[in-house]
Every structure is written in structure tokens, then in C-alpha cells.
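Next comes target11.cif, a file with mmCIF, C-alpha atoms, pLDDT in the B column; chains and numbers go by the auth columns.
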```cif
data_coords
loop_
_atom_site.group_PDB
_atom_site.id
_atom_site.type_symbol
_atom_site.label_atom_id
_atom_site.label_comp_id
_atom_site.label_asym_id
_atom_site.label_seq_id
_atom_site.Cartn_x
_atom_site.Cartn_y
_atom_site.Cartn_z
_atom_site.B_iso_or_equiv
_atom_site.auth_seq_id
_atom_site.auth_asym_id
ATOM 1 C CA MET A 1 2.885 17.413 22.543 72.00 1 G
ATOM 2 C CA PHE A 2 2.901 19.696 19.490 85.00 2 G
ATOM 3 C CA ASP A 3 5.321 17.358 17.698 85.00 3 G
ATOM 4 C CA ALA A 4 2.977 14.404 18.148 88.00 4 G
ATOM 5 C CA ALA A 5 0.036 16.399 16.788 91.00 5 G
ATOM 6 C CA LEU A 6 2.054 17.571 13.793 91.00 6 G
ATOM 7 C CA ALA A 7 3.259 14.019 13.087 89.00 7 G
ATOM 8 C CA TYR A 8 -0.340 12.816 13.279 93.00 8 G
ATOM 9 C CA LEU A 9 -1.527 15.462 10.800 94.00 9 G
ATOM 10 C CA ILE A 10 1.307 14.637 8.391 93.00 10 G
ATOM 11 C CA ASP A 11 0.478 10.912 8.638 92.00 11 G
ATOM 12 C CA VAL A 12 -3.235 11.473 8.042 95.00 12 G
ATOM 13 C CA ALA A 13 -2.807 13.843 5.096 94.00 13 G
ATOM 14 C CA PHE A 14 -0.096 11.961 3.245 95.00 14 G
ATOM 15 C CA GLY A 15 -1.251 8.517 4.351 93.00 15 G
ATOM 16 C CA LEU A 16 -4.747 8.965 2.985 95.00 16 G
ATOM 17 C CA VAL A 17 -3.491 10.042 -0.428 95.00 17 G
ATOM 18 C CA THR A 18 -0.639 7.520 -0.616 96.00 18 G
ATOM 19 C CA TYR A 19 -2.809 4.548 0.331 96.00 19 G
ATOM 20 C CA ALA A 20 -5.589 5.666 -2.032 96.00 20 G
ATOM 21 C CA LEU A 21 -3.110 5.955 -4.923 97.00 21 G
ATOM 22 C CA LEU A 22 -1.585 2.593 -4.062 96.00 22 G
ATOM 23 C CA LEU A 23 -5.033 0.994 -3.832 96.00 23 G
ATOM 24 C CA ARG A 24 -5.933 2.457 -7.230 95.00 24 G
ATOM 25 C CA PHE A 25 -2.778 0.953 -8.719 95.00 25 G
ATOM 26 C CA VAL A 26 -3.400 -2.465 -7.151 95.00 26 G
ATOM 27 C CA MET A 27 -7.071 -2.480 -8.152 94.00 27 G
ATOM 28 C CA GLN A 28 -6.138 -1.822 -11.768 93.00 28 G
ATOM 29 C CA VAL A 29 -3.357 -4.420 -11.833 93.00 29 G
ATOM 30 C CA LEU A 30 -5.602 -7.090 -10.287 92.00 30 G
ATOM 31 C CA ARG A 31 -8.592 -6.053 -12.442 90.00 31 G
ATOM 32 C CA ALA A 32 -10.770 -5.303 -9.429 92.00 32 G
ATOM 33 C CA PRO A 33 -14.089 -3.638 -10.237 92.00 33 G
ATOM 34 C CA PHE A 34 -14.361 0.097 -9.622 91.00 34 G
ATOM 35 C CA ARG A 35 -18.181 0.156 -9.642 91.00 35 G
ATOM 36 C CA ASN A 36 -18.514 -0.064 -5.878 90.00 36 G
ATOM 37 C CA PRO A 37 -18.206 2.411 -2.985 91.00 37 G
ATOM 38 C CA VAL A 38 -14.478 1.727 -2.482 91.00 38 G
ATOM 39 C CA GLY A 39 -13.640 2.103 -6.168 92.00 39 G
ATOM 40 C CA GLN A 40 -15.601 5.329 -6.480 94.00 40 G
ATOM 41 C CA ALA A 41 -13.937 6.775 -3.372 94.00 41 G
ATOM 42 C CA VAL A 42 -10.493 5.830 -4.669 95.00 42 G
ATOM 43 C CA ILE A 43 -11.179 7.507 -8.001 94.00 43 G
ATOM 44 C CA ALA A 44 -12.533 10.630 -6.303 94.00 44 G
ATOM 45 C CA LEU A 45 -9.471 10.865 -4.035 94.00 45 G
ATOM 46 C CA THR A 46 -6.869 10.271 -6.744 96.00 46 G
ATOM 47 C CA ASP A 47 -8.092 11.646 -10.069 94.00 47 G
ATOM 48 C CA TRP A 48 -6.497 15.050 -9.401 94.00 48 G
ATOM 49 C CA ALA A 49 -3.035 13.438 -9.416 94.00 49 G
ATOM 50 C CA VAL A 50 -3.458 10.524 -11.809 94.00 50 G
ATOM 51 C CA LYS A 51 -5.196 12.179 -14.763 93.00 51 G
ATOM 52 C CA PRO A 52 -2.472 14.795 -15.422 93.00 52 G
ATOM 53 C CA LEU A 53 0.262 12.184 -14.979 93.00 53 G
ATOM 54 C CA ARG A 54 -1.351 9.886 -17.555 91.00 54 G
ATOM 55 C CA LYS A 55 -0.425 12.415 -20.220 90.00 55 G
ATOM 56 C CA VAL A 56 3.233 11.839 -19.367 91.00 56 G
ATOM 57 C CA LEU A 57 3.108 8.216 -18.174 90.00 57 G
ATOM 58 C CA PRO A 58 0.514 6.238 -20.132 84.00 58 G
ATOM 59 C CA GLY A 59 -0.525 2.791 -18.985 81.00 59 G
ATOM 60 C CA LEU A 60 1.219 -0.186 -20.498 82.00 60 G
ATOM 61 C CA ARG A 61 -0.013 -3.818 -20.507 80.00 61 G
ATOM 62 C CA GLY A 62 -2.553 -3.246 -17.757 75.00 62 G
ATOM 63 C CA ILE A 63 -0.174 -1.383 -15.474 85.00 63 G
ATOM 64 C CA ASP A 64 -1.207 2.130 -14.528 88.00 64 G
ATOM 65 C CA TRP A 65 2.207 3.766 -14.212 93.00 65 G
ATOM 66 C CA ALA A 66 0.648 7.137 -13.413 94.00 66 G
ATOM 67 C CA SER A 67 -0.982 5.797 -10.229 95.00 67 G
ATOM 68 C CA LEU A 68 2.235 4.101 -9.130 95.00 68 G
ATOM 69 C CA ALA A 69 4.349 7.182 -9.856 95.00 69 G
ATOM 70 C CA ALA A 70 1.899 9.390 -7.985 96.00 70 G
ATOM 71 C CA ALA A 71 1.935 7.012 -4.995 97.00 71 G
ATOM 72 C CA TYR A 72 5.743 7.038 -4.985 97.00 72 G
ATOM 73 C CA ALA A 73 5.879 10.847 -5.298 96.00 73 G
ATOM 74 C CA CYS A 74 3.414 11.194 -2.423 96.00 74 G
ATOM 75 C CA GLN A 75 5.527 8.812 -0.336 96.00 75 G
ATOM 76 C CA VAL A 76 8.628 10.914 -1.074 94.00 76 G
ATOM 77 C CA LEU A 77 6.763 14.079 -0.079 93.00 77 G
ATOM 78 C CA TRP A 78 5.586 12.342 3.096 93.00 78 G
ATOM 79 C CA LEU A 79 9.189 11.647 4.109 89.00 79 G
ATOM 80 C CA VAL A 80 10.330 15.142 3.118 89.00 80 G
ATOM 81 C CA ALA A 81 7.530 16.601 5.275 90.00 81 G
ATOM 82 C CA TYR A 82 8.793 14.587 8.240 87.00 82 G
ATOM 83 C CA TYR A 83 12.386 15.629 7.672 84.00 83 G
ATOM 84 C CA ALA A 84 11.382 19.270 7.239 84.00 84 G
ATOM 85 C CA ALA A 85 9.109 19.311 10.287 85.00 85 G
ATOM 86 C CA PHE A 86 11.350 17.448 12.684 83.00 86 G
ATOM 87 C CA GLY A 87 14.851 18.036 11.279 76.00 87 G
ATOM 88 C CA THR A 88 15.905 14.413 11.564 67.00 88 G
ATOM 89 C CA GLY A 89 19.349 15.113 10.182 63.00 89 G
ATOM 90 C CA VAL A 90 19.189 13.946 6.577 66.00 90 G
ATOM 91 C CA PRO A 91 21.663 16.120 4.695 69.00 91 G
ATOM 92 C CA TRP A 92 20.239 17.626 1.530 76.00 92 G
ATOM 93 C CA THR A 93 23.154 16.471 -0.575 78.00 93 G
ATOM 94 C CA ALA A 94 23.049 14.070 -3.509 81.00 94 G
ATOM 95 C CA ALA A 95 23.543 11.158 -1.093 79.00 95 G
ATOM 96 C CA GLY A 96 20.807 12.457 1.218 78.00 96 G
ATOM 97 C CA ILE A 97 18.347 12.831 -1.642 85.00 97 G
ATOM 98 C CA ALA A 98 19.215 9.340 -2.923 87.00 98 G
ATOM 99 C CA TYR A 99 18.636 8.036 0.602 85.00 99 G
ATOM 100 C CA VAL A 100 15.168 9.653 0.763 87.00 100 G
ATOM 101 C CA LEU A 101 14.282 8.232 -2.671 90.00 101 G
ATOM 102 C CA LEU A 102 15.373 4.723 -1.650 91.00 102 G
ATOM 103 C CA VAL A 103 13.649 4.849 1.745 90.00 103 G
ATOM 104 C CA ALA A 104 10.471 6.078 0.015 93.00 104 G
ATOM 105 C CA LEU A 105 10.603 2.991 -2.211 94.00 105 G
ATOM 106 C CA VAL A 106 10.935 0.729 0.842 94.00 106 G
ATOM 107 C CA ALA A 107 8.134 2.647 2.586 94.00 107 G
ATOM 108 C CA LEU A 108 5.885 2.175 -0.449 96.00 108 G
ATOM 109 C CA GLY A 109 6.516 -1.580 -0.305 95.00 109 G
ATOM 110 C CA LYS A 110 5.733 -1.464 3.409 95.00 110 G
ATOM 111 C CA ALA A 111 2.490 0.384 2.637 96.00 111 G
ATOM 112 C CA ALA A 112 1.589 -2.263 0.053 96.00 112 G
ATOM 113 C CA LEU A 113 2.063 -4.985 2.678 96.00 113 G
ATOM 114 C CA TRP A 114 -0.144 -3.119 5.171 96.00 114 G
ATOM 115 C CA LEU A 115 -2.744 -2.648 2.458 96.00 115 G
ATOM 116 C CA LEU A 116 -2.668 -6.405 1.802 96.00 116 G
ATOM 117 C CA ILE A 117 -3.076 -7.172 5.507 97.00 117 G
ATOM 118 C CA VAL A 118 -6.042 -4.819 5.894 96.00 118 G
ATOM 119 C CA VAL A 119 -7.785 -6.019 2.727 96.00 119 G
ATOM 120 C CA VAL A 120 -7.368 -9.696 3.666 96.00 120 G
ATOM 121 C CA LEU A 121 -8.622 -9.026 7.187 96.00 121 G
ATOM 122 C CA VAL A 122 -11.656 -7.054 5.990 94.00 122 G
ATOM 123 C CA GLN A 123 -12.422 -9.697 3.346 93.00 123 G
ATOM 124 C CA ALA A 124 -12.226 -12.489 5.938 91.00 124 G
ATOM 125 C CA VAL A 125 -14.543 -10.679 8.370 92.00 125 G
ATOM 126 C CA LEU A 126 -17.034 -9.676 5.671 90.00 126 G
ATOM 127 C CA SER A 127 -17.068 -13.222 4.289 85.00 127 G
ATOM 128 C CA TRP A 128 -18.642 -14.274 7.605 85.00 128 G
ATOM 129 C CA VAL A 129 -20.950 -11.275 8.050 87.00 129 G
ATOM 130 C CA ALA A 130 -21.967 -10.232 4.526 83.00 130 G
ATOM 131 C CA PRO A 131 -20.498 -12.610 1.936 82.00 131 G
ATOM 132 C CA ASP A 132 -22.568 -11.141 -0.907 86.00 132 G
ATOM 133 C CA GLY A 133 -22.313 -7.481 0.126 84.00 133 G
ATOM 134 C CA PRO A 134 -21.415 -4.610 -2.185 86.00 134 G
ATOM 135 C CA LEU A 135 -17.698 -4.902 -1.364 87.00 135 G
ATOM 136 C CA ALA A 136 -17.427 -8.648 -1.928 88.00 136 G
ATOM 137 C CA GLY A 137 -16.414 -8.346 -5.576 90.00 137 G
ATOM 138 C CA VAL A 138 -13.599 -5.883 -5.046 93.00 138 G
ATOM 139 C CA LEU A 139 -12.309 -7.629 -1.916 93.00 139 G
ATOM 140 C CA ASN A 140 -12.330 -11.021 -3.612 92.00 140 G
ATOM 141 C CA ALA A 141 -10.499 -9.588 -6.627 94.00 141 G
ATOM 142 C CA LEU A 142 -7.844 -8.057 -4.380 95.00 142 G
ATOM 143 C CA THR A 143 -7.313 -11.102 -2.150 95.00 143 G
ATOM 144 C CA PHE A 144 -7.874 -14.097 -4.427 94.00 144 G
ATOM 145 C CA PRO A 145 -4.418 -13.960 -6.125 95.00 145 G
ATOM 146 C CA PHE A 146 -2.771 -14.182 -2.684 95.00 146 G
ATOM 147 C CA LEU A 147 -5.146 -16.710 -1.118 94.00 147 G
ATOM 148 C CA ARG A 148 -5.440 -19.129 -4.062 94.00 148 G
ATOM 149 C CA PRO A 149 -1.883 -20.592 -3.891 94.00 149 G
ATOM 150 C CA ILE A 150 -2.181 -21.096 -0.137 94.00 150 G
ATOM 151 C CA ARG A 151 -5.597 -22.732 -0.480 90.00 151 G
ATOM 152 C CA ARG A 152 -4.023 -25.264 -2.837 92.00 152 G
ATOM 153 C CA LEU A 153 -1.417 -26.162 -0.214 92.00 153 G
ATOM 154 C CA VAL A 154 -3.578 -25.883 2.917 89.00 154 G
ATOM 155 C CA PRO A 155 -7.152 -27.054 2.381 86.00 155 G
ATOM 156 C CA PRO A 156 -9.906 -25.853 4.727 83.00 156 G
ATOM 157 C CA ILE A 157 -9.910 -27.616 8.089 85.00 157 G
ATOM 158 C CA GLY A 158 -13.027 -29.723 8.492 77.00 158 G
ATOM 159 C CA GLY A 159 -14.168 -28.490 5.094 73.00 159 G
ATOM 160 C CA THR A 160 -15.187 -25.060 6.452 78.00 160 G
ATOM 161 C CA LEU A 161 -12.360 -23.332 8.341 84.00 161 G
ATOM 162 C CA ASP A 162 -10.121 -21.572 5.798 88.00 162 G
ATOM 163 C CA LEU A 163 -6.711 -20.696 7.260 91.00 163 G
ATOM 164 C CA SER A 164 -5.365 -19.019 4.107 93.00 164 G
ATOM 165 C CA PRO A 165 -6.200 -15.435 5.255 94.00 165 G
ATOM 166 C CA LEU A 166 -4.370 -16.051 8.523 94.00 166 G
ATOM 167 C CA ILE A 167 -1.353 -17.461 6.674 95.00 167 G
ATOM 168 C CA VAL A 168 -1.204 -14.464 4.305 96.00 168 G
ATOM 169 C CA ILE A 169 -1.369 -12.059 7.253 97.00 169 G
ATOM 170 C CA VAL A 170 1.338 -13.948 9.162 96.00 170 G
ATOM 171 C CA VAL A 171 3.669 -14.035 6.131 96.00 171 G
ATOM 172 C CA ALA A 172 3.109 -10.331 5.437 96.00 172 G
ATOM 173 C CA GLN A 173 3.788 -9.520 9.107 97.00 173 G
ATOM 174 C CA LEU A 174 6.988 -11.586 9.001 96.00 174 G
ATOM 175 C CA VAL A 175 8.154 -9.655 5.956 95.00 175 G
ATOM 176 C CA LEU A 176 7.350 -6.405 7.762 95.00 176 G
ATOM 177 C CA MET A 177 9.321 -7.529 10.825 96.00 177 G
ATOM 178 C CA THR A 178 12.365 -8.933 9.018 94.00 178 G
ATOM 179 C CA LEU A 179 12.896 -7.777 5.442 91.00 179 G
ATOM 180 C CA VAL A 180 11.631 -4.200 5.723 90.00 180 G
ATOM 181 C CA PRO A 181 13.874 -3.221 8.687 90.00 181 G
ATOM 182 C CA TRP A 182 16.822 -4.872 6.970 92.00 182 G
ATOM 183 C CA LEU A 183 16.181 -2.839 3.799 87.00 183 G
ATOM 184 C CA GLU A 184 15.796 0.362 5.827 85.00 184 G
ATOM 185 C CA SER A 185 19.065 -0.199 7.675 87.00 185 G
ATOM 186 C CA ALA A 186 20.819 -1.150 4.419 86.00 186 G
ATOM 187 C CA ALA A 187 19.672 2.143 2.905 80.00 187 G
ATOM 188 C CA MET A 188 20.963 3.977 5.969 77.00 188 G
ATOM 189 C CA ARG A 189 24.373 2.280 5.749 79.00 189 G
ATOM 190 C CA LEU A 190 24.546 2.883 2.018 79.00 190 G
ATOM 191 C CA PHE A 191 23.824 6.611 1.906 71.00 191 G
ATOM 192 C CA VAL A 192 24.125 8.216 5.304 60.00 192 G
#
```

Would you encode the structure as C-alpha cells?
Amino acid sequence: MFDAALAYLIDVAFGLVTYALLLRFVMQVLRAPFRNPVGQAVIALTDWAVKPLRKVLPGLRGIDWASLAAAYACQVLWLVAYYAAFGTGVPWTAAGIAYVLLVALVALGKAALWLLIVVVLVQAVLSWVAPDGPLAGVLNALTFPFLRPIRRLVPPIGGTLDLSPLIVIVVAQLVLMTLVPWLESAAMRLFV
């Protein structure tokens, strides 16, 4: 019972920061507006880590390397917290550290896919309920690059029913079910 509570606290603490840093990175890459409640919350949650890192890792060609590096570092710390709390048997050798670094990279990709799924789902629901709400601009900016190619291939059914959000979610889920476990097991075979 205590282990489950500790795992939950680790997930909440590191998950909140990791996803906020990842969202900040994605919002900047996709040129999503930050003048909305989501953008302001992301900035408030991540400035403490991103601003000092920008002195070492400046942005280049629209890519905020400081946000991405901070998200990756937080993901590494998240895994280290799990291994430290539950002693899952990763040896702290060079191979063990390389394993944690590689698994953190896969976990960050997994987090990016979950972020995509959630943003597409929220955008689809809000497009029915409040299409011109305060979050419409940021959600459209985050989802349009993924929905546009599918909309070209699959036009709306009956002129109104857009299946592109469903297709993006299904493809992302398929990647999560197939490619991500394969990468995780490959990392395990490679280093441990």
C-alpha cells in the first residue's frame, strides 16, 4: 500500500513538470500562442528550469533546446526516483546509466505521444462545445500539423463528421502499443 502511494507521488511530481516542459517545447516549435491560460500556466511551471538553461543552451532556428533538455533531465530524474525508491535492480555501472539515459529518451517520446493524444481529444471535444473559446487558438496550433495531412486523405463524412482526430489517436495508440515496447525491450537487451 505504501509503495503504491509513493509511486503515485513520484508520478504526480515528476509527471507534472515533465509534461509541462514538453508542452512548452512543443508549443514553441509549433508556434502556438502563449497568451492564453494554458500558455501562462506552462510558463509559470517551467521558467525556473528553462531560464537558467537558456544561458547554456540557447534556442536555434525556432527550437527551444533548453525546454527539451529540461524535459529530458526531468524524465531521467523520474526514472532514477523510481529505481531509488523501489530498487528495481538497475546496476549503477556505465551500462546501467546508459540504459537509464536511453529508456528516459524512449519515455520522453512516449510522453510526447500521450500529450498528442490528450491535446487532440481536448481539441475535438472543445470544437463541439466551445469552438471559439480561449483555448481554441493554442489547441488548433498544436493539432493542425497532425490533422491537416489526414484531412487531405480522408475528407469529412457527409461534409460535417471529421474523422482525422480519431485517426491521429488510433495511430498514436498503435505506436504506443507496438514501437514503444519494442524500443524498451531493445534497450533492456542492449544494456542490462

Once the PyMOL selection byres ((chain G and resi 75-84) around 8) has been applied to the shown file, what residues remain in the selection, as a ChimeraX atom specification?
/G:7,10-11,14-15,18,71-74,85-90,100-101,104-105,107-108

Store the residues of this selection in a file with C-alpha atoms, as a tab-separated table (two decimals), in the frame of the given file.
```tsv
chain	number	residue	atom	x	y	z
G	7	ALA	CA	3.26	14.02	13.09
G	10	ILE	CA	1.31	14.64	8.39
G	11	ASP	CA	0.48	10.91	8.64
G	14	PHE	CA	-0.10	11.96	3.24
G	15	GLY	CA	-1.25	8.52	4.35
G	18	THR	CA	-0.64	7.52	-0.62
G	71	ALA	CA	1.94	7.01	-5.00
G	72	TYR	CA	5.74	7.04	-4.99
G	73	ALA	CA	5.88	10.85	-5.30
G	74	CYS	CA	3.41	11.19	-2.42
G	85	ALA	CA	9.11	19.31	10.29
G	86	PHE	CA	11.35	17.45	12.68
G	87	GLY	CA	14.85	18.04	11.28
G	88	THR	CA	15.90	14.41	11.56
G	89	GLY	CA	19.35	15.11	10.18
G	90	VAL	CA	19.19	13.95	6.58
G	100	VAL	CA	15.17	9.65	0.76
G	101	LEU	CA	14.28	8.23	-2.67
G	104	ALA	CA	10.47	6.08	0.02
G	105	LEU	CA	10.60	2.99	-2.21
G	107	ALA	CA	8.13	2.65	2.59
G	108	LEU	CA	5.88	2.17	-0.45
```

Give me, please, the distance in Å between CA of Tyr99 in chain G and CA of Met188 in chain G, quoted to one decimal.
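Computed distance, CA of Tyr99 in chain G to CA of Met188 in chain G, equals 7.1 Å.
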
For Met177 in chain G, please output as a PyMOL selection string all residues within 12 Å (counting only C-alpha atoms; exclusion window: fewer than 5 positions along the same chain).
chain G and resi 110+113-114+170-172+182-184

Could you write out that same residue set with C-alpha atoms as a PDB file, keeping the file's coordinate frame?
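So selection-v1.pdb came out as:
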```pdb
ATOM      1  CA  LYS G 110       5.733  -1.464   3.409  1.00 95.00           C
ATOM      2  CA  LEU G 113       2.063  -4.985   2.678  1.00 96.00           C
ATOM      3  CA  TRP G 114      -0.144  -3.119   5.171  1.00 96.00           C
ATOM      4  CA  VAL G 170       1.338 -13.948   9.162  1.00 96.00           C
ATOM      5  CA  VAL G 171       3.669 -14.035   6.131  1.00 96.00           C
ATOM      6  CA  ALA G 172       3.109 -10.331   5.437  1.00 96.00           C
ATOM      7  CA  TRP G 182      16.822  -4.872   6.970  1.00 92.00           C
ATOM      8  CA  LEU G 183      16.181  -2.839   3.799  1.00 87.00           C
ATOM      9  CA  GLU G 184      15.796   0.362   5.827  1.00 85.00           C
TER      10      GLU G 184
END
```

Identify all residues satisfying the PyMOL selection byres ((chain G and resi 138) around 10) in the given file; provide them as a short mmCIF file (atom, residue, chain, number, x, y, z; two decimals) with C-alpha atoms, in the frame of the given file.
```cif
data_model
loop_
_atom_site.label_atom_id
_atom_site.label_comp_id
_atom_site.auth_asym_id
_atom_site.auth_seq_id
_atom_site.Cartn_x
_atom_site.Cartn_y
_atom_site.Cartn_z
CA MET G 27 -7.07 -2.48 -8.15
CA LEU G 30 -5.60 -7.09 -10.29
CA ARG G 31 -8.59 -6.05 -12.44
CA ALA G 32 -10.77 -5.30 -9.43
CA PRO G 33 -14.09 -3.64 -10.24
CA PHE G 34 -14.36 0.10 -9.62
CA ARG G 35 -18.18 0.16 -9.64
CA ASN G 36 -18.51 -0.06 -5.88
CA PRO G 37 -18.21 2.41 -2.98
CA VAL G 38 -14.48 1.73 -2.48
CA GLY G 39 -13.64 2.10 -6.17
CA VAL G 119 -7.78 -6.02 2.73
CA GLN G 123 -12.42 -9.70 3.35
CA PRO G 134 -21.42 -4.61 -2.18
CA LEU G 135 -17.70 -4.90 -1.36
CA ALA G 136 -17.43 -8.65 -1.93
CA GLY G 137 -16.41 -8.35 -5.58
CA LEU G 139 -12.31 -7.63 -1.92
CA ASN G 140 -12.33 -11.02 -3.61
CA ALA G 141 -10.50 -9.59 -6.63
CA LEU G 142 -7.84 -8.06 -4.38
CA THR G 143 -7.31 -11.10 -2.15
#
```

Output the residue selection produced by the PyMOL selection byres ((chain G and resi 191) around 8) on the file above, formatted as a PyMOL selection string.
chain G and resi 95-96+98-99+187-190+192

Point-to-point distance from CA of Tyr19 in chain G to CA of Leu121 in chain G, Å rounded to tenths:
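Distance between the two atoms: 16.3 Å.
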
Residue contacts of Val56 in chain G (10 Å, all atoms listed in the file) excluding same-chain residues fewer than 5 positions away, as a list of chain:residue names
G:Lys51, G:Trp65, G:Ala66

Could the residues in this selection be written to a file with C-alpha atoms, as an mmCIF file, in the coordinates of the input?
```cif
data_model
loop_
_atom_site.group_PDB
_atom_site.id
_atom_site.type_symbol
_atom_site.label_atom_id
_atom_site.label_comp_id
_atom_site.auth_asym_id
_atom_site.auth_seq_id
_atom_site.Cartn_x
_atom_site.Cartn_y
_atom_site.Cartn_z
ATOM 1 C CA LYS G 51 -5.196 12.179 -14.763
ATOM 2 C CA TRP G 65 2.207 3.766 -14.212
ATOM 3 C CA ALA G 66 0.648 7.137 -13.413
#
```

Considering all atoms listed in the file, can you say which of G:Ile117, G:Ala124, G:Ala94, G:Val12 comes closest to Leu163 in chain G?
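Checking each of G:Ile117, G:Ala124, G:Ala94, G:Val12 against Leu163 in chain G, counting all atoms listed in the file, the winner is G:Ala124.
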